[in-house]
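Source file data.cif; content: mmCIF, C-alpha atoms and all ligand atoms.
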data_protein
#
loop_
_atom_site.label_atom_id
_atom_site.label_comp_id
_atom_site.auth_asym_id
_atom_site.auth_seq_id
_atom_site.Cartn_x
_atom_site.Cartn_y
_atom_site.Cartn_z
CA MET A 285 -1.02 11.09 20.32
CA LYS A 286 2.72 10.48 20.55
CA THR A 287 4.65 10.76 17.29
CA VAL A 288 7.09 7.88 16.87
CA LEU A 289 8.52 8.61 13.43
CA GLU A 290 9.02 12.05 11.99
CA VAL A 291 10.60 12.45 8.57
CA LYS A 292 11.12 16.09 7.63
CA ASN A 293 12.05 17.34 4.16
CA ILE A 294 14.54 14.57 3.45
CA SER A 295 16.41 14.25 0.16
CA LYS A 296 18.76 11.57 -1.04
CA SER A 297 20.74 11.22 -4.28
CA PHE A 298 22.96 8.45 -5.59
CA GLY A 299 25.69 10.18 -7.61
CA ASN A 300 23.79 12.81 -9.53
CA GLN A 301 20.50 10.86 -9.50
CA PRO A 302 18.00 12.32 -7.00
CA VAL A 303 16.03 9.36 -5.58
CA VAL A 304 14.18 10.89 -2.60
CA LYS A 305 12.97 14.45 -3.05
CA ASN A 306 12.07 16.70 -0.13
CA LEU A 307 9.90 14.07 1.50
CA SER A 308 8.07 14.47 4.81
CA LEU A 309 5.83 12.10 6.75
CA SER A 310 5.06 11.14 10.31
CA LEU A 311 3.64 8.15 12.15
CA ASP A 312 1.85 8.23 15.50
CA LYS A 313 2.32 5.46 18.04
CA GLY A 314 0.47 2.28 17.07
CA THR A 315 -0.13 3.39 13.49
CA ILE A 316 0.67 1.18 10.52
CA GLY A 317 1.80 3.25 7.56
CA CYS A 318 2.65 2.08 4.08
CA LEU A 319 4.64 3.53 1.21
CA LEU A 320 3.06 2.53 -2.07
CA GLY A 321 4.55 3.22 -5.46
CA PRO A 322 5.73 1.64 -8.71
CA SER A 323 9.07 -0.11 -9.07
CA GLY A 324 12.02 2.28 -8.92
CA CYS A 325 10.14 5.20 -7.30
CA GLY A 326 12.47 5.18 -4.28
CA LYS A 327 10.41 3.30 -1.65
CA THR A 328 13.19 0.97 -0.51
CA THR A 329 15.64 3.85 -0.32
CA ILE A 330 13.23 5.73 1.97
CA LEU A 331 12.99 2.67 4.23
CA ARG A 332 16.77 2.24 4.22
CA VAL A 333 17.42 5.83 5.25
CA ILE A 334 14.86 5.50 8.07
CA ALA A 335 16.65 2.31 9.17
CA GLY A 336 20.00 4.07 9.04
CA PHE A 337 21.62 1.90 6.35
CA GLU A 338 22.04 5.04 4.26
CA GLY A 339 22.55 8.68 5.21
CA ILE A 340 20.52 11.61 3.85
CA ASP A 341 21.67 14.70 1.96
CA ALA A 342 19.15 17.09 3.49
CA GLY A 343 16.38 17.13 6.08
CA GLU A 344 15.99 15.26 9.32
CA ILE A 345 14.63 11.96 10.68
CA ARG A 346 13.51 11.61 14.30
CA ILE A 347 12.48 8.46 16.12
CA ASN A 348 10.74 9.17 19.42
CA GLN A 349 11.85 12.79 19.25
CA SER A 350 15.58 11.97 18.92
CA ILE A 351 17.35 12.95 15.71
CA VAL A 352 18.72 9.76 14.12
CA SER A 353 19.59 11.21 10.69
CA GLY A 354 20.39 14.80 9.91
CA ARG A 355 23.20 17.17 9.12
CA HIS A 356 26.35 15.29 10.13
CA ILE A 357 24.25 12.81 12.15
CA LEU A 358 23.83 9.13 11.29
CA VAL A 359 22.88 6.94 14.24
CA PRO A 360 23.69 3.31 13.26
CA PRO A 361 20.74 0.95 12.65
CA GLU A 362 21.36 -1.14 15.80
CA GLN A 363 20.98 1.95 17.98
CA ARG A 364 17.65 3.06 16.47
CA ARG A 365 15.38 0.59 18.31
CA ILE A 366 13.90 -0.55 15.02
CA GLY A 367 12.93 -4.02 13.80
CA MET A 368 13.09 -5.10 10.18
CA VAL A 369 11.28 -7.69 8.09
CA PHE A 370 12.53 -8.31 4.57
CA GLN A 371 11.08 -9.94 1.48
CA ASP A 372 13.30 -13.02 1.79
CA TYR A 373 12.65 -13.76 5.53
CA ALA A 374 16.43 -14.04 6.19
CA LEU A 375 15.94 -16.81 8.77
CA PHE A 376 18.88 -18.85 10.04
CA PRO A 377 18.48 -22.24 8.28
CA HIS A 378 20.35 -24.20 10.98
CA LEU A 379 18.24 -22.80 13.85
CA SER A 380 14.78 -24.04 14.86
CA VAL A 381 11.75 -21.74 14.73
CA LYS A 382 12.10 -21.19 18.47
CA ASP A 383 15.82 -20.40 18.24
CA ASN A 384 15.24 -18.04 15.34
CA VAL A 385 12.75 -16.12 17.49
CA ALA A 386 15.15 -16.30 20.47
CA PHE A 387 17.81 -14.67 18.31
CA GLY A 388 15.85 -11.43 18.60
CA LEU A 389 16.17 -11.68 22.39
CA ARG A 390 19.92 -11.86 22.89
CA ASN A 391 19.81 -9.29 25.67
CA ILE A 392 17.58 -11.19 28.09
CA ASN A 393 17.88 -14.63 29.70
CA GLY A 394 16.22 -17.22 31.89
CA LYS A 395 12.50 -17.36 32.59
CA LYS A 396 11.83 -13.91 31.19
CA LYS A 397 13.26 -15.00 27.85
CA GLU A 398 11.31 -18.29 27.79
CA LYS A 399 8.10 -16.39 28.60
CA ARG A 400 8.63 -13.86 25.82
CA ILE A 401 9.45 -16.60 23.26
CA ASP A 402 6.29 -18.42 24.28
CA GLU A 403 4.24 -15.23 23.93
CA LEU A 404 5.67 -14.56 20.48
CA LEU A 405 5.09 -18.12 19.25
CA HIS A 406 1.46 -17.81 20.37
CA LEU A 407 1.18 -14.41 18.73
CA VAL A 408 2.26 -15.75 15.34
CA ARG A 409 0.47 -19.09 15.90
CA LEU A 410 3.57 -21.26 15.61
CA VAL A 411 3.66 -22.99 18.99
CA ASP A 412 3.35 -26.40 17.35
CA ALA A 413 6.15 -25.65 14.91
CA ALA A 414 8.61 -24.41 17.57
CA GLN A 415 11.10 -27.26 17.05
CA LYS A 416 10.91 -27.32 13.25
CA PHE A 417 13.54 -25.87 10.96
CA PRO A 418 12.81 -23.16 8.38
CA HIS A 419 12.88 -25.62 5.44
CA GLU A 420 10.18 -27.71 7.18
CA ILE A 421 7.58 -24.91 7.27
CA SER A 422 5.71 -22.98 4.59
CA GLY A 423 6.70 -19.56 3.18
CA GLY A 424 3.88 -17.87 5.10
CA GLN A 425 5.00 -19.54 8.34
CA GLN A 426 8.61 -18.53 7.68
CA GLN A 427 7.54 -14.94 7.28
CA ARG A 428 5.64 -15.14 10.59
CA VAL A 429 8.84 -16.39 12.26
CA ALA A 430 10.71 -13.42 10.78
CA LEU A 431 7.99 -11.14 12.13
CA ALA A 432 8.16 -12.70 15.62
CA ARG A 433 11.94 -12.36 15.62
CA ALA A 434 11.72 -8.69 14.63
CA LEU A 435 9.02 -7.99 17.25
CA ALA A 436 10.84 -9.88 20.03
CA PRO A 437 12.85 -6.95 21.45
CA GLU A 438 9.75 -4.71 21.28
CA PRO A 439 11.16 -2.20 18.78
CA ASP A 440 9.84 1.37 18.76
CA LEU A 441 9.34 1.08 15.01
CA LEU A 442 9.02 -1.91 12.71
CA LEU A 443 10.04 -1.56 9.06
CA LEU A 444 8.75 -4.09 6.52
CA ASP A 445 10.16 -4.21 2.99
CA GLU A 446 7.84 -5.99 0.52
CA PRO A 447 7.19 -8.68 3.17
CA PHE A 448 4.77 -10.71 1.05
CA SER A 449 6.34 -10.61 -2.38
CA SER A 450 7.93 -14.08 -2.20
CA LEU A 451 4.54 -15.69 -1.49
CA ASP A 452 1.81 -16.84 -3.85
CA VAL A 453 -1.29 -14.69 -4.26
CA THR A 454 -3.60 -16.57 -1.86
CA LEU A 455 -1.01 -16.69 0.89
CA ARG A 456 -0.25 -13.02 0.39
CA GLU A 457 -3.83 -11.99 1.04
CA GLN A 458 -4.13 -14.26 4.06
CA LEU A 459 -0.81 -13.23 5.57
CA SER A 460 -1.39 -9.51 5.05
CA THR A 461 -4.57 -9.71 7.15
CA GLU A 462 -2.74 -11.78 9.78
CA VAL A 463 0.19 -9.38 9.93
CA ARG A 464 -2.17 -6.47 10.53
CA GLU A 465 -3.84 -8.36 13.39
CA ILE A 466 -0.47 -9.24 14.94
CA LEU A 467 0.84 -5.67 14.71
CA LYS A 468 -2.39 -4.26 16.13
CA GLU A 469 -2.35 -6.74 19.00
CA GLN A 470 1.11 -5.48 19.97
CA ALA A 471 0.22 -1.83 19.20
CA THR A 472 3.32 -1.76 17.00
CA THR A 473 4.17 1.35 15.03
CA ALA A 474 5.16 0.11 11.59
CA LEU A 475 6.05 1.31 8.12
CA MET A 476 5.74 -1.10 5.21
CA VAL A 477 6.87 -0.70 1.63
CA THR A 478 5.01 -2.32 -1.25
CA HIS A 479 4.12 -1.82 -4.89
CA ASN A 480 0.93 -3.83 -4.34
CA GLN A 481 -2.08 -1.69 -3.46
CA HIS A 482 -4.14 -4.64 -2.18
CA GLU A 483 -1.46 -5.39 0.41
CA ALA A 484 -1.26 -1.71 1.31
CA PHE A 485 -5.05 -1.56 1.80
CA ALA A 486 -5.10 -4.82 3.81
CA VAL A 487 -2.29 -3.97 6.22
CA SER A 488 -2.16 -0.24 6.81
CA ASP A 489 -4.05 2.58 8.47
CA GLU A 490 -2.44 5.24 6.31
CA ILE A 491 -0.79 5.07 2.92
CA GLY A 492 1.72 7.38 1.29
CA VAL A 493 1.83 7.26 -2.49
CA ILE A 494 5.34 7.75 -3.88
CA GLN A 495 5.87 8.98 -7.42
CA ASP A 496 9.42 9.49 -8.61
CA GLY A 497 10.88 10.04 -5.12
CA LYS A 498 8.13 12.41 -3.99
CA LEU A 499 5.24 11.81 -1.63
CA VAL A 500 2.24 12.81 -3.72
CA GLN A 501 -0.57 11.86 -1.31
CA TRP A 502 -0.88 10.64 2.27
CA GLY A 503 -4.20 9.27 3.47
CA THR A 504 -6.38 6.25 4.13
CA GLY A 505 -6.94 3.72 1.36
CA HIS A 506 -10.51 5.04 1.12
CA ASN A 507 -9.25 8.58 0.53
CA LEU A 508 -6.73 7.55 -2.08
CA TYR A 509 -9.39 5.66 -3.99
CA HIS A 510 -12.23 8.17 -3.66
CA ARG A 511 -10.28 11.44 -3.41
CA PRO A 512 -7.10 10.94 -5.44
CA ALA A 513 -4.93 14.05 -5.31
CA SER A 514 -3.91 13.87 -8.97
CA ASN A 515 -4.74 12.03 -12.17
CA TRP A 516 -1.55 10.00 -11.62
CA VAL A 517 -2.79 8.75 -8.22
CA ALA A 518 -6.25 8.10 -9.70
CA ASP A 519 -4.65 5.98 -12.39
CA PHE A 520 -2.22 4.16 -10.05
CA VAL A 521 -4.70 3.33 -7.27
CA GLY A 522 -7.64 1.15 -8.28
CA ASP A 523 -9.13 0.54 -11.69
CA GLY A 524 -10.83 3.15 -13.77
CA VAL A 525 -10.45 5.51 -16.68
CA LEU A 526 -10.08 9.25 -17.11
CA LEU A 527 -12.88 10.20 -19.45
CA PRO A 528 -12.51 13.44 -21.41
CA GLY A 529 -15.24 15.93 -20.56
CA LEU A 530 -16.33 19.53 -20.91
CA VAL A 531 -17.28 21.46 -17.78
CA LEU A 532 -20.62 23.23 -18.39
CA ASP A 533 -20.94 24.96 -14.99
CA ASP A 534 -20.04 24.22 -11.39
CA ARG A 535 -22.42 21.24 -11.24
CA ARG A 536 -22.43 19.71 -14.69
CA VAL A 537 -19.86 18.11 -16.94
CA GLU A 538 -20.55 16.73 -20.39
CA THR A 539 -18.88 13.42 -21.31
CA GLY A 540 -19.31 10.41 -23.56
CA LEU A 541 -21.61 9.08 -20.79
CA GLY A 542 -23.90 12.12 -21.18
CA ILE A 543 -24.15 15.07 -18.78
CA LEU A 544 -22.97 14.04 -15.30
CA GLU A 545 -24.27 16.10 -12.40
CA GLY A 546 -22.89 16.60 -8.92
CA GLN A 547 -20.71 18.82 -6.84
CA PHE A 548 -17.12 19.27 -7.79
CA LYS A 549 -14.26 21.67 -7.50
CA TYR A 550 -12.75 22.88 -10.69
CA PRO A 551 -10.48 25.90 -10.90
CA CYS A 552 -11.49 27.25 -14.30
CA GLN A 553 -14.08 29.21 -16.16
CA ASN A 554 -17.13 27.34 -17.41
CA GLY A 555 -16.62 25.56 -20.64
CA CYS A 556 -13.14 24.20 -20.07
CA PRO A 557 -12.00 20.64 -20.84
CA ALA A 558 -11.35 18.21 -17.97
CA ASP A 559 -10.78 14.53 -17.32
CA VAL A 560 -13.45 12.81 -15.24
CA LEU A 561 -12.51 9.78 -13.14
CA ILE A 562 -14.87 6.88 -13.86
CA ARG A 563 -14.46 3.78 -11.67
CA PRO A 564 -15.80 0.39 -12.87
CA GLU A 565 -18.51 0.45 -10.18
CA ASP A 566 -19.83 3.76 -11.60
CA ILE A 567 -21.14 1.89 -14.65
CA ILE A 568 -24.23 -0.19 -13.91
CA HIS A 569 -25.17 -2.94 -16.34
CA ASP A 570 -28.88 -2.93 -17.15
CA ASP A 571 -30.28 -4.84 -20.13
CA ALA A 572 -33.31 -2.50 -20.16
CA SER A 573 -31.18 0.61 -20.68
CA SER A 574 -31.30 2.16 -24.15
CA PHE A 575 -27.74 3.45 -23.65
CA LYS A 576 -25.64 0.71 -25.27
CA ALA A 577 -21.90 0.12 -25.13
CA LYS A 578 -19.85 -2.46 -27.00
CA ILE A 579 -17.74 -5.01 -25.13
CA LEU A 580 -14.11 -4.74 -26.20
CA LYS A 581 -12.61 -7.01 -23.53
CA LYS A 582 -13.73 -9.05 -20.56
CA HIS A 583 -11.72 -9.91 -17.49
CA PHE A 584 -13.15 -12.69 -15.31
CA ARG A 585 -12.52 -12.16 -11.61
CA GLY A 586 -14.61 -14.87 -9.98
CA ALA A 587 -17.63 -13.12 -8.47
CA ASN A 588 -17.35 -10.27 -10.97
CA ILE A 589 -16.34 -9.51 -14.50
CA ILE A 590 -14.68 -6.29 -15.56
CA TYR A 591 -15.87 -5.38 -19.03
CA THR A 592 -13.98 -2.86 -21.14
CA LEU A 593 -16.71 -0.99 -22.99
CA GLN A 594 -16.69 1.33 -25.96
CA LEU A 595 -19.24 4.13 -25.73
CA PRO A 596 -21.04 5.58 -28.77
CA SER A 597 -18.62 8.56 -28.43
CA LYS A 598 -15.77 6.00 -28.95
CA ASP A 599 -14.47 6.70 -25.42
CA VAL A 600 -13.72 3.65 -23.33
CA VAL A 601 -14.92 2.89 -19.77
CA LEU A 602 -14.74 -0.14 -17.48
CA ALA A 603 -17.80 -1.75 -15.88
CA LEU A 604 -17.91 -4.05 -12.85
CA VAL A 605 -20.65 -6.62 -13.46
CA PRO A 606 -21.67 -9.73 -11.45
CA SER A 607 -20.29 -12.77 -13.25
CA THR A 608 -23.78 -14.22 -13.48
CA CYS A 609 -24.28 -11.70 -16.33
CA GLN A 610 -22.21 -13.28 -19.09
CA HIS A 611 -21.85 -11.46 -22.40
CA ASP A 612 -19.44 -12.01 -25.25
CA VAL A 613 -16.78 -9.70 -26.58
CA GLY A 614 -18.17 -7.80 -29.58
CA HIS A 615 -21.73 -7.69 -28.21
CA SER A 616 -23.38 -4.52 -26.94
CA ILE A 617 -24.89 -4.25 -23.46
CA GLY A 618 -27.19 -1.68 -21.83
CA ILE A 619 -25.54 0.53 -19.20
CA ILE A 620 -26.53 3.28 -16.76
CA PRO A 621 -23.82 5.65 -15.53
CA LYS A 622 -24.13 6.30 -11.81
CA VAL A 623 -21.29 8.62 -10.88
CA ASP A 624 -22.17 9.75 -7.36
CA ASP A 625 -18.87 11.42 -6.69
CA ILE A 626 -17.49 13.47 -9.55
CA ILE A 627 -13.69 13.78 -9.50
CA LEU A 628 -12.27 16.11 -12.15
CA PHE A 629 -8.71 16.79 -13.22
CA GLU A 630 -7.44 19.68 -15.25
CA LYS A 631 -6.38 18.70 -18.75
P1 LIG A 701 11.55 -1.59 -6.33
O1 LIG A 701 10.10 -1.71 -5.97
O2 LIG A 701 11.84 -2.02 -7.74
O3 LIG A 701 12.47 -2.20 -5.32
P2 LIG A 701 11.87 1.05 -5.20
O4 LIG A 701 10.72 1.95 -5.36
O5 LIG A 701 12.06 0.40 -3.89
O6 LIG A 701 11.89 -0.03 -6.37
P3 LIG A 701 14.60 1.94 -4.89
O7 LIG A 701 15.12 0.55 -4.70
O8 LIG A 701 14.57 2.84 -3.72
O9 LIG A 701 13.17 1.93 -5.56
O10 LIG A 701 15.46 2.60 -6.06
C1 LIG A 701 15.21 3.91 -6.55
C2 LIG A 701 16.29 4.30 -7.53
O11 LIG A 701 17.52 4.46 -6.83
C3 LIG A 701 16.56 3.27 -8.62
O12 LIG A 701 16.80 3.97 -9.82
C4 LIG A 701 17.82 2.57 -8.15
O13 LIG A 701 18.57 2.11 -9.23
C5 LIG A 701 18.55 3.67 -7.40
N1 LIG A 701 19.39 3.15 -6.31
C6 LIG A 701 18.92 2.50 -5.20
N2 LIG A 701 19.95 2.18 -4.39
C7 LIG A 701 21.09 2.60 -4.99
C8 LIG A 701 22.49 2.57 -4.66
N3 LIG A 701 22.92 2.04 -3.50
N4 LIG A 701 23.37 3.13 -5.53
C9 LIG A 701 22.95 3.70 -6.67
N5 LIG A 701 21.65 3.77 -7.06
C10 LIG A 701 20.73 3.24 -6.24
#

Could you express the structure from this file as structure tokens?
Ligand code: ATP
Amino acid sequence: MKTVLEVKNISKSFGNQPVVKNLSLSLDKGTIGCLLGPSGCGKTTILRVIAGFEGIDAGEIRINQSIVSGRHILVPPEQRRIGMVFQDYALFPHLSVKDNVAFGLRNINGKKKEKRIDELLHLVRLVDAAQKFPHEISGGQQQRVALARALAPEPDLLLLDEPFSSLDVTLREQLSTEVREILKEQATTALMVTHNQHEAFAVSDEIGVIQDGKLVQWGTGHNLYHRPASNWVADFVGDGVLLPGLVLDDRRVETGLGILEGQFKYPCQNGCPADVLIRPEDIIHDDASSFKAKILKKHFRGANIIYTLQLPSKDVVLALVPSTCQHDVGHSIGIIPKVDDIILFEK
């Protein structure tokens, strides 16, 4: 598989504040990657150095094997064959949808141009809105115009910076699925930046988790959720708690949920303390169970409720329960722990 983007050991500081720290990643052709991390962790800076808006202090960035950033090298953004989509669409208000898309095609003319515009309008499902102006279409449609404009010159790499954050929640979910379909249809290699894990899961093939300027894990959404590389990733991705436990041997760990059994890796002698990752779906609600836990909080989510439960040990866990099972805060409910995959972290 051809590698389109290769970022090798890059670092970037602003003044004496290191913002990107020895970061490496690569993207194969047609892959959609995403950088996910909390506000201020350096995601946008990483995207900006890949785009060429900022230089780097150390390391190297290659796009299609050519060095675009490195020691004494800074190829300007317009020579990198990249496309960009920003949070605020940045459409030209006085140009129609069609002319906004055409703006991305300044280097071709005539029939070829008309054909490509037509293709792009079909791709983003805006044929009927071609003559409208940006203020006459919805936020989601505006972002699809921005996407079509960025894809028009067939960039080698598309960079998307928080592309859904100006939209309301429903539109965000819908548009993230649509954007994935559009990018896949064009086999576009793309890197998106977001602090929203649901968007990262919906759009990308691979996700890099950024903590304080460092890449702490790179993998599929499934891997991040089920095999988090650290307790920080476990806490940041998905819901759950880290329950204190005591490792009894290489198959058993004692916790406030009782003795949990399974296979796990733990680099210590038997008898050491550890935190065990418990996801809300690991706690099954069963009225017949004699193991009771007290409801401290309930969070209604439509089809499900997430209950915050206090165990007899006083530890707290979350439980994902169908919303047909309604119980009040302060009441106790029967639970059965079903932790199929035991993930432990050193204390
Ligand atoms: P957010 O999600 O809030 O946009 P982020 O993860 O994208 O955050 P960055 O925007 O990359 O983070 O910022 C990382 C750090 O670098 C912040 O502390 C920010 O203040 C600092 N920073 C970013 N750009 C500059 C700049 N041009 N000059 C000085 N400091 C900067």

Could you pull out the residues sitting within 9 Å of ligand LIG 701 (chain A), using all atoms listed in the file, and write them as a CSV table (one decimal) with C-alpha atoms, in the frame of the given file?
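Produced file selection-v1.csv, reproduced below:
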chain,number,residue,atom,x,y,z
A,297,SER,CA,20.7,11.2,-4.3
A,298,PHE,CA,23.0,8.4,-5.6
A,299,GLY,CA,25.7,10.2,-7.6
A,301,GLN,CA,20.5,10.9,-9.5
A,302,PRO,CA,18.0,12.3,-7.0
A,303,VAL,CA,16.0,9.4,-5.6
A,304,VAL,CA,14.2,10.9,-2.6
A,320,LEU,CA,3.1,2.5,-2.1
A,321,GLY,CA,4.6,3.2,-5.5
A,322,PRO,CA,5.7,1.6,-8.7
A,323,SER,CA,9.1,-0.1,-9.1
A,324,GLY,CA,12.0,2.3,-8.9
A,325,CYS,CA,10.1,5.2,-7.3
A,326,GLY,CA,12.5,5.2,-4.3
A,327,LYS,CA,10.4,3.3,-1.6
A,328,THR,CA,13.2,1.0,-0.5
A,329,THR,CA,15.6,3.8,-0.3
A,330,ILE,CA,13.2,5.7,2.0
A,331,LEU,CA,13.0,2.7,4.2
A,332,ARG,CA,16.8,2.2,4.2
A,338,GLU,CA,22.0,5.0,4.3
A,445,ASP,CA,10.2,-4.2,3.0
A,446,GLU,CA,7.8,-6.0,0.5
A,477,VAL,CA,6.9,-0.7,1.6
A,478,THR,CA,5.0,-2.3,-1.2
A,479,HIS,CA,4.1,-1.8,-4.9
A,494,ILE,CA,5.3,7.8,-3.9
A,495,GLN,CA,5.9,9.0,-7.4
A,496,ASP,CA,9.4,9.5,-8.6
A,497,GLY,CA,10.9,10.0,-5.1

Compile the contact shell of A:Ile491 as a short mmCIF file (atom, residue, chain, number, x, y, z; two decimals) with C-alpha atoms, keeping the file's coordinate frame: residues with an atom at most 6 Å away, counting all atoms listed in the file, same-chain residues fewer than 2 positions apart removed.
data_model
loop_
_atom_site.label_atom_id
_atom_site.label_comp_id
_atom_site.auth_asym_id
_atom_site.auth_seq_id
_atom_site.Cartn_x
_atom_site.Cartn_y
_atom_site.Cartn_z
CA GLY A 317 1.80 3.25 7.56
CA CYS A 318 2.65 2.08 4.08
CA LEU A 319 4.64 3.53 1.21
CA TRP A 502 -0.88 10.64 2.27
CA GLY A 503 -4.20 9.27 3.47
CA THR A 504 -6.38 6.25 4.13
#

Using only C-alpha atoms, which residues sit within 6 Å of A:Leu441 once same-chain residues fewer than 5 positions away are excluded, as a JSON list (two decimals) with C-alpha atoms, in the coordinates of the input?
[["chain", "number", "residue", "atom", "x", "y", "z"],
["A", 366, "ILE", "CA", 13.90, -0.55, 15.02],
["A", 473, "THR", "CA", 4.17, 1.35, 15.03],
["A", 474, "ALA", "CA", 5.16, 0.11, 11.59]]

Pairwise distance, atom CA of A:Ile294 with atom CA of A:Ala434, equals 26.0 Å

Could you give me, as a list in words, the residues within 9 Å of stretch 576-591 of chain A, counting only C-alpha atoms and dropping anything in the same chain fewer than 4 positions from it? Pro564, Asp571, Leu595, Pro596, Val600, Val601, Leu602, Ala603, Leu604, Val605, Pro606, Ser607, Thr608, Cys609, Gln610, His611, Asp612, Val613, Gly614, His615, Ser616, Ile617, Gly618, Ile619 and Ile620 of chain A

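The nearest approach to A:Ala432 among the residues A:Leu404, A:Pro447, A:Gln458, A:Pro621, with only C-alpha atoms taken into account, belongs to A:Leu404.
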
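Minimum atom-to-atom distance to A:Ala414, evaluated using only C-alpha atoms, belongs to A:Val381 out of A:Val381, A:Leu442, A:Leu307, A:Leu431.
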
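Distance annotation: of A:Gln470, A:Gln371, A:Thr539, A:Ser350, the residue with the minimal separation from A:Leu444 is A:Gln371; atom set is only C-alpha atoms.
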
Counting only C-alpha atoms, which residues have an atom no more than 6 Å from (-8.7, 5.9, -6.6) in the file's coordinates? Please list them as a ChimeraX atom specification.
/A:508-510,512,518,521-522

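Counting only C-alpha atoms and comparing A:Ile340, A:Ile627, A:Ala572, A:Val537, the residue that lies closest to A:Gly524 is A:Ile627.
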
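We find atom CA of A:Gly314 and atom CA of A:Ala471 to be spaced 4.6 Å apart.
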
Practice prompt. For A:Val463, list every protein, DNA or RNA residue within 9 Å, evaluated using all atoms listed in the file, and leave out those in the same chain fewer than 3 positions away; present the list as a list of chain:residue names.
Written response: A:Val408, A:Arg428, A:Leu431, A:Gln458, A:Leu459, A:Ser460, A:Ile466, A:Leu467, A:Lys468, A:Val487

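A straight line drawn from atom CA of A:Pro528 to atom CA of A:Pro557 is 7.2 Å long.
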
Near A:His406, counting all atoms listed in the file, which residues have an atom at most 12 Å away, once you skip same-chain residues fewer than 5 positions from it, shown as a PyMOL selection string?
chain A and resi 382+385+399-401+411-414+428-429+432+466+469

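Counting only C-alpha atoms and comparing A:Asp341, A:Glu420, A:Asp570, A:Asp312, the residue that lies closest to A:Asn293 is A:Asp341.
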
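Residues of protein, DNA and RNA with at least one atom no farther than 12 Å from (20.4, -0.8, 14.4) are, using all atoms listed in the file, Arg332, Val333, Ile334, Ala335, Gly336, Phe337, Glu338, Val352, Leu358, Val359, Pro360, Pro361, Glu362, Gln363, Arg364, Arg365, Ile366, Gly367, Met368, Ala434, Pro439, Asp440, Leu441, Leu442 and Leu443 of chain A.
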
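Distance annotation: of A:Arg536, A:Asp402, A:Lys395, A:Phe548, the residue with the minimal separation from A:Asp383 is A:Asp402; atom set is only C-alpha atoms.
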
Extending 5 Å beyond the listed atoms of stretch 442-450 of chain A on each side, what axis-aligned box results? I want centre and edge lengths in Å to one decimal, as AutoDock Vina command-line options.
--center_x 7.5 --center_y -7.8 --center_z 5.2 --size_x 15.4 --size_y 22.5 --size_z 25.1
